[in-house]
Amino acid sequence: MENTVGDFLRTRRARIQPEEVGLPSHGRRRVQGLRREEVAQLAGVSVDYYVRLEQGRGGSASDAVLDAVARVLGLDEVEAAHLRSLTRPPRTAAGPRGRQQVREGTRLLLDLMPGVPAFVLGRRMDVLAWNALGDAVHGFSARPLGEANAARQAFLDPAAREFYPQWEAVAAETVAYLRLDAGRYPEDARLAALVGELSVRSEEFRRLWADHQVKQKTHGVKLIRHPLVGELDFGYETLAVNGSPDQLLVVFTAPPGSPTAQRLALLASWTAPGVAAPDVVAAANTVAPAEAPAPGD
């Protein structure tokens, strides 16, 4: 993949105005935000040293130097960790060669949570496993075997903008998480192929990818417009699967008695044998509409 260290640092320099860090603007400036020499000065390193860092030649940079650069550029915890990954790629930079495997115990855990939609998210945003309600909400099993991928679904599925009423927020969150994965595994050929495919086929993806935003997937809210039961206003939590690197258990939640909980119960009843989908649609129309949430973390 491309030298993302320089691109990442340049985008972060561009968002800091000199006045914000106590420097004079000197009137008209050729570059937006801070100059490289200004970052070097504030971080307490030589200009040459900082230039080498932006050129991807800072593999020997100490934690103290990287922390100083992160402080000057106002990086949050996730961005600072991303900078360290870009500067000093881990030895496992290529990532696993094949598709990740989900332990039987994890699959059993999914099935033992029949009342909530849940799935396991792996490297490259591949969806590795899911329970029945997770499938009923997202339609994972309708995709070709081994091709359920959250990034492809968000950018290449023609129904994605209808499925996600707040599609712009979902798209930005998806790219920011995928960019974080790329920082951890810069030599991953399958990830590079995925980024290349999305870049060729989606102008929106190209624009967001070029912005170099990074964000961890921890918790938040997500609004879904389901084709059968209407709007589902979820919270979600992501939990690391201990013993299975780079796997997250994603669980969608709704307060008991809420319109979303009622619609989810209807959807669950439709997945049971012998219940026809039209009955669910008719019943869903009797549930009061839920208010749209603000985009989450």
# chains A, B, ... in the order shown; residues from 1 in each chain; ligands from 1

$ select_by_dssp --residues "region 129-177 of chain A" --states "alpha helix (DSSP H)" --output "VMD selection string"
chain A and resid 132 to 138 150 to 156 160 to 163 167 to 177

$ residues_around --residues "Gln213 (chain A)" --least-positions-apart "4" --cutoff "9 Å" --atoms "only C-alpha atoms" --output "list in words"
Phe8, Thr11, Glu79, Ala172, Glu173, Val175, Ala176, Tyr177, Arg179, Leu180, Leu208 and Trp209 of chain A

$ closest_residue --among "A:Ala151, A:Ala160, A:Leu191, A:Leu109" --to "Phe205 (chain A)" --atoms "only C-alpha atoms"
A:Ala151

$ select_by_dssp --residues "region 19-244 of chain A" --states "strand (DSSP E or B)" --output "PyMOL selection string"
chain A and resi 118-121+126-130+149+219-226+230-240

$ residues_around --residues "region 140-150 of chain A" --least-positions-apart "3" --cutoff "6 Å" --atoms "only C-alpha atoms" --output "PyMOL selection string"
chain A and resi 125-127+135+153

$ write_last_selection --atoms "N, CA, C and O atoms" --output "PDB file, in the first residue's frame"
ATOM      1  N   MET A 125     -12.891  -6.219   7.820  1.00  0.00           N
ATOM      2  CA  MET A 125     -14.336  -6.087   8.030  1.00  0.00           C
ATOM      3  C   MET A 125     -15.124  -7.246   7.439  1.00  0.00           C
ATOM      4  O   MET A 125     -16.302  -7.111   7.087  1.00  0.00           O
ATOM      5  N   ASP A 126     -14.477  -8.414   7.349  1.00  0.00           N
ATOM      6  CA  ASP A 126     -15.206  -9.632   6.982  1.00  0.00           C
ATOM      7  C   ASP A 126     -16.146 -10.022   8.114  1.00  0.00           C
ATOM      8  O   ASP A 126     -15.770  -9.971   9.291  1.00  0.00           O
ATOM      9  N   VAL A 127     -17.370 -10.408   7.772  1.00  0.00           N
ATOM     10  CA  VAL A 127     -18.309 -10.929   8.761  1.00  0.00           C
ATOM     11  C   VAL A 127     -18.137 -12.444   8.774  1.00  0.00           C
ATOM     12  O   VAL A 127     -18.434 -13.132   7.793  1.00  0.00           O
ATOM     13  N   ASP A 135     -28.658 -12.474  11.221  1.00  0.00           N
ATOM     14  CA  ASP A 135     -28.875 -12.733   9.801  1.00  0.00           C
ATOM     15  C   ASP A 135     -30.199 -12.142   9.332  1.00  0.00           C
ATOM     16  O   ASP A 135     -30.298 -11.582   8.233  1.00  0.00           O
ATOM     17  N   GLN A 153     -20.570  -4.165   1.642  1.00  0.00           N
ATOM     18  CA  GLN A 153     -22.004  -3.937   1.751  1.00  0.00           C
ATOM     19  C   GLN A 153     -22.322  -2.452   1.805  1.00  0.00           C
ATOM     20  O   GLN A 153     -23.265  -1.977   1.163  1.00  0.00           O
TER      21      GLN A 153
END

$ residues_around --residues "Arg15 (chain A)" --least-positions-apart "4" --cutoff "9 Å" --atoms "only C-alpha atoms" --output "list of chain:residue names"
A:Arg10, A:Thr11, A:Gln32, A:Gly33, A:Leu34, A:Leu73

$ residues_around --residues "region 122-124 of chain A" --least-positions-apart "6" --cutoff "10 Å" --atoms "only C-alpha atoms" --output "ChimeraX atom specification"
/A:95-96,99-102,149-151,177-182,185,188,190-192,194-195,244-249

$ write_last_selection --atoms "N, CA and C atoms" --output "PDB file, in the first residue's frame"
ATOM      1  N   GLY A  95      -0.455  -9.963   8.051  1.00  0.00           N
ATOM      2  CA  GLY A  95      -1.753 -10.456   8.491  1.00  0.00           C
ATOM      3  C   GLY A  95      -1.936 -11.927   8.142  1.00  0.00           C
ATOM      4  N   PRO A  96      -3.007 -12.539   8.634  1.00  0.00           N
ATOM      5  CA  PRO A  96      -3.269 -13.942   8.315  1.00  0.00           C
ATOM      6  C   PRO A  96      -3.541 -14.124   6.827  1.00  0.00           C
ATOM      7  N   ARG A  99      -8.793 -17.038   5.387  1.00  0.00           N
ATOM      8  CA  ARG A  99      -9.929 -16.482   6.110  1.00  0.00           C
ATOM      9  C   ARG A  99      -9.845 -16.901   7.569  1.00  0.00           C
ATOM     10  N   GLN A 100     -10.120 -15.977   8.459  1.00  0.00           N
ATOM     11  CA  GLN A 100     -10.063 -16.277   9.882  1.00  0.00           C
ATOM     12  C   GLN A 100     -11.121 -17.316  10.260  1.00  0.00           C
ATOM     13  N   GLN A 101     -10.783 -18.113  11.247  1.00  0.00           N
ATOM     14  CA  GLN A 101     -11.692 -19.136  11.729  1.00  0.00           C
ATOM     15  C   GLN A 101     -12.310 -18.705  13.054  1.00  0.00           C
ATOM     16  N   VAL A 102     -13.575 -19.015  13.231  1.00  0.00           N
ATOM     17  CA  VAL A 102     -14.298 -18.696  14.457  1.00  0.00           C
ATOM     18  C   VAL A 102     -14.400 -19.951  15.303  1.00  0.00           C
ATOM     19  N   ASN A 149     -19.075  -8.974   3.845  1.00  0.00           N
ATOM     20  CA  ASN A 149     -18.067  -7.995   4.237  1.00  0.00           C
ATOM     21  C   ASN A 149     -18.766  -6.659   4.443  1.00  0.00           C
ATOM     22  N   ALA A 150     -18.569  -6.048   5.620  1.00  0.00           N
ATOM     23  CA  ALA A 150     -19.297  -4.832   5.968  1.00  0.00           C
ATOM     24  C   ALA A 150     -18.921  -3.662   5.069  1.00  0.00           C
ATOM     25  N   ALA A 151     -17.664  -3.575   4.645  1.00  0.00           N
ATOM     26  CA  ALA A 151     -17.244  -2.472   3.783  1.00  0.00           C
ATOM     27  C   ALA A 151     -17.844  -2.610   2.384  1.00  0.00           C
ATOM     28  N   TYR A 177     -12.468   2.727  10.262  1.00  0.00           N
ATOM     29  CA  TYR A 177     -12.074   1.462  10.881  1.00  0.00           C
ATOM     30  C   TYR A 177     -11.194   0.653   9.935  1.00  0.00           C
ATOM     31  N   LEU A 178     -11.526   0.660   8.639  1.00  0.00           N
ATOM     32  CA  LEU A 178     -10.717  -0.069   7.666  1.00  0.00           C
ATOM     33  C   LEU A 178      -9.319   0.548   7.557  1.00  0.00           C
ATOM     34  N   ARG A 179      -9.233   1.873   7.634  1.00  0.00           N
ATOM     35  CA  ARG A 179      -7.937   2.563   7.602  1.00  0.00           C
ATOM     36  C   ARG A 179      -7.088   2.157   8.816  1.00  0.00           C
ATOM     37  N   LEU A 180      -7.732   1.979   9.967  1.00  0.00           N
ATOM     38  CA  LEU A 180      -7.021   1.540  11.163  1.00  0.00           C
ATOM     39  C   LEU A 180      -6.445   0.141  10.948  1.00  0.00           C
ATOM     40  N   ASP A 181      -7.213  -0.735  10.310  1.00  0.00           N
ATOM     41  CA  ASP A 181      -6.757  -2.086  10.004  1.00  0.00           C
ATOM     42  C   ASP A 181      -5.554  -2.038   9.056  1.00  0.00           C
ATOM     43  N   ALA A 182      -5.612  -1.132   8.090  1.00  0.00           N
ATOM     44  CA  ALA A 182      -4.508  -0.999   7.138  1.00  0.00           C
ATOM     45  C   ALA A 182      -3.228  -0.549   7.828  1.00  0.00           C
ATOM     46  N   TYR A 185      -1.684  -3.658   9.469  1.00  0.00           N
ATOM     47  CA  TYR A 185      -1.209  -4.683   8.547  1.00  0.00           C
ATOM     48  C   TYR A 185      -0.921  -4.068   7.171  1.00  0.00           C
ATOM     49  N   ASP A 188      -0.647  -6.402   3.938  1.00  0.00           N
ATOM     50  CA  ASP A 188      -1.724  -7.374   3.719  1.00  0.00           C
ATOM     51  C   ASP A 188      -2.238  -7.241   2.282  1.00  0.00           C
ATOM     52  N   ARG A 190      -4.520  -8.995   0.700  1.00  0.00           N
ATOM     53  CA  ARG A 190      -5.981  -9.086   0.562  1.00  0.00           C
ATOM     54  C   ARG A 190      -6.642  -7.774   0.954  1.00  0.00           C
ATOM     55  N   LEU A 191      -6.099  -7.114   1.967  1.00  0.00           N
ATOM     56  CA  LEU A 191      -6.644  -5.813   2.349  1.00  0.00           C
ATOM     57  C   LEU A 191      -6.381  -4.786   1.253  1.00  0.00           C
ATOM     58  N   ALA A 192      -5.183  -4.813   0.675  1.00  0.00           N
ATOM     59  CA  ALA A 192      -4.867  -3.899  -0.424  1.00  0.00           C
ATOM     60  C   ALA A 192      -5.809  -4.128  -1.606  1.00  0.00           C
ATOM     61  N   LEU A 194      -8.882  -5.292  -1.440  1.00  0.00           N
ATOM     62  CA  LEU A 194     -10.195  -4.777  -1.065  1.00  0.00           C
ATOM     63  C   LEU A 194     -10.247  -3.259  -1.213  1.00  0.00           C
ATOM     64  N   VAL A 195      -9.215  -2.575  -0.713  1.00  0.00           N
ATOM     65  CA  VAL A 195      -9.159  -1.113  -0.833  1.00  0.00           C
ATOM     66  C   VAL A 195      -9.132  -0.714  -2.304  1.00  0.00           C
ATOM     67  N   SER A 244      -8.750 -14.917  20.103  1.00  0.00           N
ATOM     68  CA  SER A 244      -8.950 -14.874  18.652  1.00  0.00           C
ATOM     69  C   SER A 244      -8.584 -13.473  18.171  1.00  0.00           C
ATOM     70  N   PRO A 245      -7.313 -13.253  17.835  1.00  0.00           N
ATOM     71  CA  PRO A 245      -6.862 -11.906  17.468  1.00  0.00           C
ATOM     72  C   PRO A 245      -7.675 -11.308  16.328  1.00  0.00           C
ATOM     73  N   ASP A 246      -7.948 -10.006  16.449  1.00  0.00           N
ATOM     74  CA  ASP A 246      -8.630  -9.249  15.400  1.00  0.00           C
ATOM     75  C   ASP A 246     -10.050  -9.737  15.134  1.00  0.00           C
ATOM     76  N   GLN A 247     -10.693 -10.296  16.154  1.00  0.00           N
ATOM     77  CA  GLN A 247     -12.105 -10.648  16.034  1.00  0.00           C
ATOM     78  C   GLN A 247     -12.908  -9.885  17.082  1.00  0.00           C
ATOM     79  N   LEU A 248     -14.034  -9.328  16.646  1.00  0.00           N
ATOM     80  CA  LEU A 248     -14.923  -8.583  17.524  1.00  0.00           C
ATOM     81  C   LEU A 248     -16.314  -9.198  17.505  1.00  0.00           C
ATOM     82  N   LEU A 249     -16.894  -9.353  18.674  1.00  0.00           N
ATOM     83  CA  LEU A 249     -18.290  -9.754  18.788  1.00  0.00           C
ATOM     84  C   LEU A 249     -19.127  -8.482  18.817  1.00  0.00           C
TER      85      LEU A 249
END

$ residues_around --residues "Val250 (chain A)" --least-positions-apart "6" --cutoff "8 Å" --atoms "only C-alpha atoms" --output "PyMOL selection string"
chain A and resi 118-121+236-239

$ residues_around --residues "region 57-63 of chain A" --least-positions-apart "3" --cutoff "12 Å" --atoms "only C-alpha atoms" --output "ChimeraX atom specification"
/A:3-6,45,48-54,66-71,80-81,83-90

$ write_last_selection --atoms "C-alpha atoms" --output "compact mmCIF listing (two decimals), in the first residue's frame"
# COMPACT_ATOMS: atom_id res chain seq x y z
CA ASN A 3 3.25 5.49 2.13
CA THR A 4 0.47 6.37 4.54
CA VAL A 5 2.76 7.89 7.18
CA GLY A 6 3.33 11.07 5.18
CA VAL A 45 13.08 17.63 16.91
CA ASP A 48 15.38 16.94 8.89
CA TYR A 49 14.31 14.34 11.44
CA TYR A 50 10.63 15.24 11.02
CA VAL A 51 10.91 15.22 7.21
CA ARG A 52 12.34 11.69 7.39
CA LEU A 53 9.39 10.72 9.58
CA GLU A 54 6.92 11.98 6.97
CA LEU A 66 6.07 10.07 18.47
CA ASP A 67 4.23 11.21 21.60
CA ALA A 68 5.54 14.75 21.07
CA VAL A 69 4.37 14.78 17.44
CA ALA A 70 1.00 13.39 18.50
CA ARG A 71 0.66 16.14 21.11
CA ALA A 80 -1.58 8.20 18.18
CA ALA A 81 -1.61 4.40 18.17
CA LEU A 83 0.87 6.76 13.99
CA ARG A 84 2.99 4.26 15.92
CA SER A 85 1.71 1.41 13.72
CA LEU A 86 2.52 3.34 10.54
CA THR A 87 5.96 4.34 11.75
CA ARG A 88 6.93 0.99 13.23
CA PRO A 89 4.87 -1.72 11.49
CA PRO A 90 4.42 -4.87 13.60
